[in-house]
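Asker: Here you go, this is work-v9.txt (compact mmCIF, C-alpha atoms).
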```txt
# COMPACT_ATOMS: atom_id res chain seq x y z
CA MET A 987 5.22 11.54 -0.74
CA CYS A 988 4.59 8.23 -2.44
CA GLY A 989 2.81 8.86 -5.74
CA LEU A 990 0.89 6.55 -8.03
CA ASP A 991 3.93 6.16 -10.28
CA VAL A 992 5.63 4.34 -7.40
CA THR A 993 2.63 2.55 -5.88
CA HIS A 994 1.72 1.08 -9.27
CA THR A 995 5.02 -0.81 -9.24
CA LEU A 996 4.00 -2.79 -6.14
CA GLN A 997 1.54 -5.22 -7.69
CA ALA A 998 -0.24 -8.28 -6.37
CA THR A 999 0.89 -10.55 -9.21
CA PRO A 1000 -0.27 -14.18 -9.40
CA GLU A 1001 3.11 -15.35 -8.06
CA ARG A 1002 2.90 -13.00 -5.08
CA ILE A 1003 -0.70 -13.98 -4.39
CA ASP A 1004 0.42 -17.63 -4.34
CA ARG A 1005 2.82 -16.70 -1.51
CA VAL A 1006 -0.15 -15.33 0.47
CA ARG A 1007 -2.25 -18.40 -0.37
CA ALA A 1008 0.56 -20.67 0.90
CA VAL A 1009 0.17 -19.25 4.42
CA THR A 1010 -1.87 -21.57 6.64
CA GLY A 1011 -5.26 -20.36 7.78
CA ARG A 1012 -8.53 -18.79 6.74
CA LEU A 1013 -7.22 -15.20 6.87
CA ALA A 1014 -4.55 -15.91 4.26
CA SER A 1015 -7.06 -17.70 2.05
CA VAL A 1016 -9.52 -14.79 2.21
CA LEU A 1017 -6.77 -12.23 1.54
CA ALA A 1018 -5.50 -14.27 -1.40
CA ASP A 1019 -9.03 -14.43 -2.84
CA LEU A 1020 -9.45 -10.66 -2.43
CA LEU A 1021 -6.09 -9.99 -4.08
CA THR A 1022 -7.00 -12.35 -6.93
CA PHE A 1023 -10.29 -10.51 -7.49
CA PHE A 1024 -8.60 -7.09 -7.46
CA SER A 1025 -5.79 -8.30 -9.70
CA GLU A 1026 -8.18 -9.72 -12.28
CA MET A 1027 -10.01 -6.37 -12.37
CA TYR A 1028 -6.75 -4.42 -12.76
CA VAL A 1029 -5.40 -6.69 -15.50
CA SER A 1030 -8.68 -6.50 -17.42
CA ARG A 1031 -8.64 -2.68 -17.36
CA HIS A 1032 -4.97 -1.77 -17.82
CA HIS A 1033 -2.23 -2.33 -20.33
CA HIS A 1034 1.12 -3.55 -18.98
CA ILE A 1035 -0.12 -4.43 -15.49
CA SER A 1036 0.41 -7.91 -14.07
CA GLY A 1037 -1.69 -7.52 -10.92
CA ALA A 1038 -3.52 -5.11 -8.65
CA ALA A 1039 -1.52 -2.14 -7.44
CA VAL A 1040 -1.22 -2.27 -3.66
CA HIS A 1041 -1.42 1.50 -3.11
CA ASP A 1042 -2.17 2.00 0.58
CA PRO A 1043 0.23 -0.57 2.04
CA CYS A 1044 2.91 0.86 -0.24
CA ALA A 1045 2.30 4.38 1.03
CA VAL A 1046 2.33 3.19 4.65
CA MET A 1047 5.56 1.27 4.06
CA ALA A 1048 7.18 4.48 2.80
CA LEU A 1049 6.90 5.55 6.45
CA THR A 1050 7.44 2.24 8.24
CA HIS A 1051 10.09 0.73 5.92
CA PRO A 1052 11.83 3.67 4.19
CA GLN A 1053 14.83 1.46 3.37
CA LEU A 1054 12.71 -0.22 0.67
CA PHE A 1055 12.43 3.05 -1.27
CA THR A 1056 14.64 5.45 -3.14
CA SER A 1057 13.72 9.09 -2.78
CA VAL A 1058 14.74 12.65 -3.58
CA GLN A 1059 13.98 16.04 -2.06
CA ARG A 1060 11.78 18.12 -4.39
CA HIS A 1061 9.59 21.20 -4.38
CA VAL A 1062 5.99 19.94 -4.35
CA GLN A 1063 2.78 21.94 -4.80
CA VAL A 1064 -0.87 21.10 -5.30
CA GLU A 1065 -2.43 22.75 -8.37
CA THR A 1066 -5.46 24.73 -7.24
CA GLU A 1067 -6.42 26.84 -10.25
CA GLY A 1068 -6.21 24.75 -13.43
CA ALA A 1069 -9.44 23.68 -15.10
CA LEU A 1070 -8.00 20.28 -16.05
CA THR A 1071 -5.34 19.95 -13.38
CA ARG A 1072 -7.06 21.17 -10.19
CA GLY A 1073 -6.02 18.99 -7.26
CA MET A 1074 -3.02 17.47 -9.05
CA THR A 1075 0.32 17.23 -7.31
CA VAL A 1076 3.09 19.03 -9.17
CA ILE A 1077 6.68 17.98 -8.49
CA ASP A 1078 9.37 20.35 -9.72
CA GLN A 1079 12.00 18.07 -11.26
CA ARG A 1080 13.78 20.67 -13.37
CA ASP A 1081 17.55 20.61 -13.30
CA LEU A 1082 17.99 24.37 -13.09
CA ARG A 1083 20.13 26.50 -10.81
CA SER A 1084 17.16 28.58 -9.73
CA VAL A 1085 14.24 26.44 -8.54
CA PRO A 1086 12.09 26.76 -5.43
CA PRO A 1087 13.55 25.03 -2.37
CA PRO A 1088 12.52 21.42 -1.67
CA THR A 1089 9.38 21.03 0.43
CA CYS A 1090 8.96 17.26 0.41
CA ARG A 1091 10.78 13.93 0.18
CA VAL A 1092 9.41 12.22 -2.94
CA MET A 1093 9.64 8.45 -3.32
CA THR A 1094 10.97 7.54 -6.77
CA SER A 1095 10.97 3.73 -6.58
CA VAL A 1096 10.24 0.78 -4.33
CA ASP A 1097 11.73 -2.70 -4.17
CA PRO A 1098 8.48 -4.56 -4.98
CA GLU A 1099 9.71 -8.02 -3.95
CA ALA A 1100 10.91 -6.82 -0.54
CA ALA A 1101 7.76 -4.71 -0.03
CA PHE A 1102 5.44 -7.62 -0.80
CA ALA A 1103 7.53 -9.78 1.53
CA VAL A 1104 6.67 -7.28 4.29
CA ILE A 1105 2.97 -7.79 3.53
CA VAL A 1106 3.30 -11.60 3.61
CA GLU A 1107 5.34 -11.40 6.82
CA ALA A 1108 2.63 -9.26 8.40
CA ILE A 1109 0.09 -11.98 7.64
CA LEU A 1110 2.45 -14.66 9.01
CA SER A 1111 3.11 -12.65 12.17
CA PHE A 1112 -0.56 -12.05 12.77
CA VAL A 1113 -1.33 -15.77 12.67
CA ASN A 1114 1.77 -16.53 14.82
CA LEU A 1115 3.71 -18.25 12.01
CA SER A 1116 6.31 -15.54 11.58
CA ILE A 1117 9.96 -16.09 10.95
CA SER A 1118 12.22 -14.52 13.56
CA THR A 1119 13.27 -10.98 12.67
CA ASP A 1120 14.61 -7.94 14.44
CA ASP A 1121 12.56 -5.60 12.23
CA PRO A 1122 9.14 -4.51 13.51
CA THR A 1123 6.25 -5.80 11.41
CA TRP A 1124 2.54 -4.97 11.42
CA GLY A 1125 1.49 -8.49 12.36
CA GLY A 1126 4.27 -8.83 14.94
CA LEU A 1127 3.36 -5.52 16.54
CA ILE A 1128 -0.30 -6.50 16.76
CA ALA A 1129 0.54 -9.94 18.18
CA GLU A 1130 2.86 -8.31 20.75
CA GLY A 1131 0.26 -5.66 21.58
CA ARG A 1132 -2.33 -8.32 22.41
CA THR A 1133 -0.17 -9.48 25.31
CA SER A 1134 0.63 -6.02 26.68
CA VAL A 1135 -2.58 -4.09 26.01
CA HIS A 1136 -3.15 -3.36 29.72
CA GLN A 1137 0.31 -1.85 30.27
CA ALA A 1138 0.87 -0.15 26.89
CA TRP A 1139 -2.36 0.13 24.89
CA TRP A 1140 -0.68 2.09 22.07
CA VAL A 1141 1.47 -0.92 21.15
CA LEU A 1142 -1.73 -2.59 19.94
CA VAL A 1143 -3.85 0.37 18.87
CA PHE A 1144 -1.59 2.07 16.29
CA PRO A 1145 -0.68 -1.08 14.29
CA LEU A 1146 -4.36 -2.08 14.40
CA ILE A 1147 -5.38 1.33 13.04
CA THR A 1148 -2.83 0.98 10.23
CA LEU A 1149 -4.07 -2.50 9.37
CA PHE A 1150 -7.71 -1.38 9.64
CA LEU A 1151 -7.11 1.54 7.25
CA THR A 1152 -5.36 -0.76 4.78
CA VAL A 1153 -8.25 -3.24 4.85
CA LEU A 1154 -10.79 -0.41 4.63
CA SER A 1155 -8.99 0.95 1.57
CA PHE A 1156 -9.23 -2.44 -0.13
CA SER A 1157 -12.90 -2.62 0.81
CA GLN A 1158 -13.60 0.82 -0.65
CA LEU A 1159 -11.71 -0.09 -3.81
CA GLY A 1160 -13.83 -3.23 -4.15
CA GLU A 1161 -17.05 -1.28 -3.63
CA GLY A 1162 -15.98 1.28 -6.21
CA LEU A 1163 -15.13 -1.41 -8.75
CA LYS A 1164 -18.42 -3.17 -8.07
CA ASP A 1165 -20.40 0.05 -8.48
CA ARG A 1166 -18.58 0.86 -11.70
CA PHE A 1167 -18.59 -2.54 -13.39
CA ASP A 1168 -21.49 -4.57 -11.98
CA PRO A 1169 -23.96 -4.90 -14.88
CA VAL A 1170 -26.87 -5.45 -12.44
CA LEU A 1171 -26.33 -1.98 -10.95
CA ARG A 1172 -26.17 -0.19 -14.30
```
Starting from the file, give its structure as structure tokens.
Answerer:
Amino acid sequence: MCGLDVTHTLQATPERIDRVRAVTGRLASVLADLLTFFSEMYVSRHHHISGAAVHDPCAVMALTHPQLFTSVQRHVQVETEGALTRGMTVIDQRDLRSVPPPTCRVMTSVDPEAAFAVIVEAILSFVNLSISTDDPTWGGLIAEGRTSVHQAWWVLVFPLITLFLTVLSFSQLGEGLKDRFDPVLR
């Protein structure tokens, strides 16, 4: 489980957005503009935030790049009865001898620089400008899948689905922010 306390530490800061903008091509430029827009909205609404939290890629990377995270085993439940807390995730972090057994691996931190480097590398790989690496990357997997789609369709389909869901999440976030803050719609 990768909660908001962890995903909020992976932020699209101006310095990180500049790394995306430095990538050659229209895709990088568009992504940098989107990240700038989201970051400006986040910074205007939150104290102590330097850029937009990159929630969905962070949660996906907890699965694809677990070495970037620290984690602990904990007992986790979803609150279903509280009037104010219904739907909230409750993590038992008590240091007692008698606690329920762990049910979930809970991410406690992420290396934000390394995680954002994965995002930039995915963009580089997708536009065939990637540095050589032995680690699988989203962009590299998609680029590789394009050449072998007839023999192994899944090599292309699953990374594309992951990338699609990440982009869709950003799109939905943008729509929600627009609906909430656009004075014309009020």
Asker: Show which residues sit within 9 Å of stretch 1040-1047 of chain A, as a ChimeraX atom specification. Count all atoms listed in the file, and ignore same-chain residues fewer than 2 positions away.
Answerer: /A:987-990,992-998,1037-1038,1049-1052,1054-1055,1096,1101-1102,1104-1105,1148-1149,1151-1152,1155-1156
Asker: I'd like the contact shell of A:Arg1031 - 12 Å cut-off, all atoms listed in the file, skipping same-chain residues fewer than 5 positions apart - returned as a VMD selection string.
Answerer: chain A and resid 1024 to 1026 1036 to 1038 1163 1166 to 1167
Asker: Enter the distance from atom CA of A:Ser1030 to atom CA of A:Val1006, in Å, rounded to one decimal.
Answerer: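 We find that atom CA of A:Ser1030 and atom CA of A:Val1006 lie 21.7 Å from each other.
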Asker: Between A:Gln1053, A:Glu1161, A:Val1135, A:Leu1142, which one has atoms that come closest to A:Ala1100, using all atoms listed in the file?
Answerer: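 Using all atoms listed in the file, the shortest distance to A:Ala1100 belongs to A:Gln1053.
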Asker: Distance atom CA of A:Arg1132-atom CA of A:Val1009, one decimal place?
Answerer: 21.2 Å
Asker: Give me, please, the distance in Å between atom CA of A:Leu1017 and atom CA of A:Leu1146, quoted to one decimal.
Answerer: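 Distance between the two atoms: 16.6 Å.
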Asker: Could you name the residues that touch stretch 1062-1079 of chain A at 10 Å or less, counting only C-alpha atoms, but leaving out those on the same chain fewer than 3 positions away, as a count of residues only?
Answerer: 13
Asker: Around the point (-4.8, -16.2, 5.9) in the file's coordinates, collect all residues with an atom within 12 Å, using only C-alpha atoms, and return them as a PyMOL selection string.
Answerer: chain A and resi 1003-1021+1105-1115+1125
Asker: Taking only C-alpha atoms into account, name the residue in A:Ile1035, A:Leu1159, A:Ala1103, A:Ala1048 that is nearest to A:Arg1002.
Answerer: A:Ala1103
Asker: From the list A:Trp1139, A:Tyr1028, A:Phe1144, A:Phe1150, which residue is nearest A:Thr999 when using only C-alpha atoms?
Answerer: A:Tyr1028
Asker: Between A:Thr1056, A:Asp991, A:Arg1080, A:Gln1137, which is the closest to A:Ala1039 once you count only C-alpha atoms?
Answerer: A:Asp991
Asker: Between A:Met1093, A:Met1027, A:Val1141, A:Leu1154, which one has atoms that come closest to A:Ile1128, using only C-alpha atoms?
Answerer: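 When distances to A:Ile1128 are compared using only C-alpha atoms, the smallest one comes from A:Val1141.
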